>>> print(open('protein.cif').read())   # mmCIF, C-alpha atoms, pLDDT in the B column; chains and numbers go by the auth columns
data_structure
#
loop_
_atom_site.group_PDB
_atom_site.id
_atom_site.type_symbol
_atom_site.label_atom_id
_atom_site.label_comp_id
_atom_site.label_asym_id
_atom_site.label_seq_id
_atom_site.Cartn_x
_atom_site.Cartn_y
_atom_site.Cartn_z
_atom_site.B_iso_or_equiv
_atom_site.auth_seq_id
_atom_site.auth_asym_id
ATOM 1 C CA MET A 1 0.000 0.000 0.000 59.00 21 A
ATOM 2 C CA SER A 2 1.244 3.482 -0.737 74.00 22 A
ATOM 3 C CA GLY A 3 0.037 6.865 0.367 91.00 23 A
ATOM 4 C CA ILE A 4 0.258 8.966 3.484 93.00 24 A
ATOM 5 C CA LEU A 5 -0.003 8.127 7.168 94.00 25 A
ATOM 6 C CA TYR A 6 -1.151 10.758 9.653 94.00 26 A
ATOM 7 C CA GLY A 7 -0.535 10.576 13.390 93.00 27 A
ATOM 8 C CA GLY A 8 -0.125 12.712 16.476 91.00 28 A
ATOM 9 C CA ALA A 9 3.153 14.492 17.211 94.00 29 A
ATOM 10 C CA ALA A 10 5.024 13.716 20.425 94.00 30 A
ATOM 11 C CA GLY A 11 3.858 15.823 23.351 95.00 31 A
ATOM 12 C CA VAL A 12 0.615 16.868 21.648 96.00 32 A
ATOM 13 C CA SER A 13 -2.824 15.793 22.808 96.00 33 A
ATOM 14 C CA VAL A 14 -6.144 16.443 21.099 96.00 34 A
ATOM 15 C CA ARG A 15 -9.777 16.304 22.092 96.00 35 A
ATOM 16 C CA LYS A 16 -13.140 16.910 20.490 96.00 36 A
ATOM 17 C CA GLU A 17 -14.959 20.161 21.232 96.00 37 A
ATOM 18 C CA SER A 18 -18.212 21.595 19.901 94.00 38 A
ATOM 19 C CA PHE A 19 -16.355 23.652 17.246 93.00 39 A
ATOM 20 C CA GLY A 20 -13.985 20.867 16.212 96.00 40 A
ATOM 21 C CA LEU A 21 -10.604 19.994 17.714 96.00 41 A
ATOM 22 C CA LEU A 22 -8.583 21.390 20.600 97.00 42 A
ATOM 23 C CA PHE A 23 -4.854 20.600 20.609 97.00 43 A
ATOM 24 C CA TYR A 24 -2.564 20.986 23.618 97.00 44 A
ATOM 25 C CA ASN A 25 1.168 21.103 22.971 94.00 45 A
ATOM 26 C CA ALA A 26 3.034 20.185 26.167 94.00 46 A
ATOM 27 C CA ARG A 27 6.375 21.414 24.742 90.00 47 A
ATOM 28 C CA ASP A 28 5.324 25.055 24.707 92.00 48 A
ATOM 29 C CA THR A 29 1.981 24.798 26.603 93.00 49 A
ATOM 30 C CA ASN A 30 0.076 26.253 23.646 93.00 50 A
ATOM 31 C CA LEU A 31 -3.571 25.540 22.980 96.00 51 A
ATOM 32 C CA THR A 32 -4.686 25.470 19.349 96.00 52 A
ATOM 33 C CA PHE A 33 -8.325 25.571 18.331 97.00 53 A
ATOM 34 C CA VAL A 34 -9.154 24.078 14.933 96.00 54 A
ATOM 35 C CA LYS A 35 -12.590 24.666 13.447 96.00 55 A
ATOM 36 C CA SER A 36 -13.076 21.230 11.904 94.00 56 A
ATOM 37 C CA GLY A 37 -16.636 20.379 12.840 93.00 57 A
ATOM 38 C CA ASP A 38 -17.119 16.617 12.671 91.00 58 A
ATOM 39 C CA LEU A 39 -14.739 16.060 9.748 93.00 59 A
ATOM 40 C CA ILE A 40 -11.834 14.662 11.796 93.00 60 A
ATOM 41 C CA ASP A 41 -12.262 12.282 14.713 92.00 61 A
ATOM 42 C CA PRO A 42 -9.555 12.973 17.323 93.00 62 A
ATOM 43 C CA GLU A 43 -9.205 9.230 17.910 91.00 63 A
ATOM 44 C CA TYR A 44 -7.793 9.000 14.384 89.00 64 A
ATOM 45 C CA LEU A 45 -4.867 11.182 15.464 91.00 65 A
ATOM 46 C CA CYS A 46 -3.826 9.050 18.440 87.00 66 A
ATOM 47 C CA GLU A 47 -1.997 6.549 16.242 89.00 67 A
ATOM 48 C CA GLU A 48 -0.822 6.448 12.646 92.00 68 A
ATOM 49 C CA ARG A 49 -3.664 5.969 10.185 92.00 69 A
ATOM 50 C CA HIS A 50 -3.760 5.796 6.413 91.00 70 A
ATOM 51 C CA GLU A 51 -5.091 8.847 4.599 90.00 71 A
ATOM 52 C CA SER A 52 -8.040 6.837 3.213 88.00 72 A
ATOM 53 C CA GLU A 53 -9.531 6.720 6.713 89.00 73 A
ATOM 54 C CA PHE A 54 -9.813 10.521 6.751 89.00 74 A
ATOM 55 C CA TYR A 55 -11.403 10.956 3.316 87.00 75 A
ATOM 56 C CA ARG A 56 -14.809 9.318 3.647 81.00 76 A
ATOM 57 C CA TRP A 57 -17.110 12.217 2.828 80.00 77 A
ATOM 58 C CA SER A 58 -18.254 14.090 -0.255 90.00 78 A
ATOM 59 C CA ILE A 59 -15.722 15.719 -2.576 93.00 79 A
ATOM 60 C CA LYS A 60 -16.263 19.131 -0.937 94.00 80 A
ATOM 61 C CA GLU A 61 -15.884 17.772 2.608 93.00 81 A
ATOM 62 C CA ASN A 62 -12.810 15.743 1.628 92.00 82 A
ATOM 63 C CA GLU A 63 -11.184 18.919 0.293 94.00 83 A
ATOM 64 C CA MET A 64 -11.993 20.698 3.566 95.00 84 A
ATOM 65 C CA THR A 65 -10.475 17.762 5.487 94.00 85 A
ATOM 66 C CA ARG A 66 -7.337 17.929 3.346 94.00 86 A
ATOM 67 C CA LYS A 67 -6.956 21.664 4.106 95.00 87 A
ATOM 68 C CA ILE A 68 -7.464 21.142 7.841 95.00 88 A
ATOM 69 C CA LEU A 69 -4.871 18.341 7.919 95.00 89 A
ATOM 70 C CA ALA A 70 -2.373 20.532 6.030 96.00 90 A
ATOM 71 C CA GLN A 71 -2.958 23.349 8.531 96.00 91 A
ATOM 72 C CA ILE A 72 -2.335 21.191 11.603 96.00 92 A
ATOM 73 C CA ILE A 73 0.686 19.529 9.965 96.00 93 A
ATOM 74 C CA ASN A 74 2.182 22.975 9.323 96.00 94 A
ATOM 75 C CA ARG A 75 1.687 23.821 13.003 94.00 95 A
ATOM 76 C CA GLY A 76 3.516 20.643 14.035 94.00 96 A
ATOM 77 C CA LEU A 77 0.490 19.177 15.809 95.00 97 A
ATOM 78 C CA ILE A 78 0.330 16.019 13.713 96.00 98 A
ATOM 79 C CA LEU A 79 2.882 14.222 11.569 95.00 99 A
ATOM 80 C CA GLU A 80 2.638 13.147 7.962 94.00 100 A
ATOM 81 C CA LYS A 81 4.608 10.155 6.713 94.00 101 A
ATOM 82 C CA ARG A 82 4.716 9.145 3.061 92.00 102 A
ATOM 83 C CA ILE A 83 4.830 5.411 2.460 89.00 103 A
ATOM 84 C CA SER A 84 5.290 3.197 -0.577 85.00 104 A
ATOM 85 C CA LEU A 85 5.528 -0.534 -1.038 64.00 105 A
#
>>> encode(input="protein.cif", output="structure tokens")
Amino acid sequence: MSGILYGGAAGVSVRKESFGLLFYNARDTNLTFVKSGDLIDPEYLCEERHESEFYRWSIKENEMTRKILAQIINRGLILEKRISL
């Protein structure tokens, strides 16, 4: 299988809130609020998961999910690992 794996960064915890996701970074004690609605389940970020598990909605919602994941990757809150077999 090839593609991308997403998973939580070390020292970062996440939980579901009414607006979406709340990340806590223990390294710098920052809180980050991410308006994601119900698009991303925080349980999916506790361990590495294949990208196909995140894109299970309509085309529009999948694009929104992709943008949210890119945003939280850029902030160092989750990790992205490219794989190929």
>>> resolve_selection(input="protein.cif", expression="the PyMOL selection byres ((chain A and resi 82-88) around 10)", output="mmCIF file with C-alpha atoms, in the frame of the given file")
data_model
loop_
_atom_site.group_PDB
_atom_site.id
_atom_site.type_symbol
_atom_site.label_atom_id
_atom_site.label_comp_id
_atom_site.auth_asym_id
_atom_site.auth_seq_id
_atom_site.Cartn_x
_atom_site.Cartn_y
_atom_site.Cartn_z
ATOM 1 C CA VAL A 54 -9.154 24.078 14.933
ATOM 2 C CA LYS A 55 -12.590 24.666 13.447
ATOM 3 C CA SER A 56 -13.076 21.230 11.904
ATOM 4 C CA GLY A 57 -16.636 20.379 12.840
ATOM 5 C CA ASP A 58 -17.119 16.617 12.671
ATOM 6 C CA LEU A 59 -14.739 16.060 9.748
ATOM 7 C CA ILE A 60 -11.834 14.662 11.796
ATOM 8 C CA GLU A 71 -5.091 8.847 4.599
ATOM 9 C CA PHE A 74 -9.813 10.521 6.751
ATOM 10 C CA TYR A 75 -11.403 10.956 3.316
ATOM 11 C CA ARG A 76 -14.809 9.318 3.647
ATOM 12 C CA TRP A 77 -17.110 12.217 2.828
ATOM 13 C CA SER A 78 -18.254 14.090 -0.255
ATOM 14 C CA ILE A 79 -15.722 15.719 -2.576
ATOM 15 C CA LYS A 80 -16.263 19.131 -0.937
ATOM 16 C CA GLU A 81 -15.884 17.772 2.608
ATOM 17 C CA LEU A 89 -4.871 18.341 7.919
ATOM 18 C CA ALA A 90 -2.373 20.532 6.030
ATOM 19 C CA GLN A 91 -2.958 23.349 8.531
ATOM 20 C CA ILE A 92 -2.335 21.191 11.603
ATOM 21 C CA ILE A 93 0.686 19.529 9.965
ATOM 22 C CA ASN A 94 2.182 22.975 9.323
#
>>> atom_distance(input="protein.cif", atom1="atom CA of A:Lys36", atom2="atom CA of A:Asp61")
7.5 Å
>>> residues_around(input="protein.cif", residues="A:Ala30", least_positions_apart="3", cutoff="10 Å", atoms="all atoms listed in the file", output="PyMOL selection string")
chain A and resi 27+33+45-47+96-99
>>> resolve_selection(input="protein.cif", expression="the PyMOL selection byres ((chain A and resi 64-70) around 7)", output="list of chain:residue names")
A:Ile24, A:Leu25, A:Tyr26, A:Gly27, A:Gly28, A:Asp61, A:Pro62, A:Glu63, A:Glu71, A:Ser72, A:Glu73
>>> atom_distance(input="protein.cif", atom1="atom CA of A:Ile103", atom2="atom CA of A:Ala29")
17.4 Å
>>> resolve_selection(input="protein.cif", expression="the PyMOL selection byres ((chain A and resi 53) around 8)", output="list in words")
Gly40, Leu41, Leu42, Phe43, Leu51, Thr52, Val54 and Lys55 of chain A
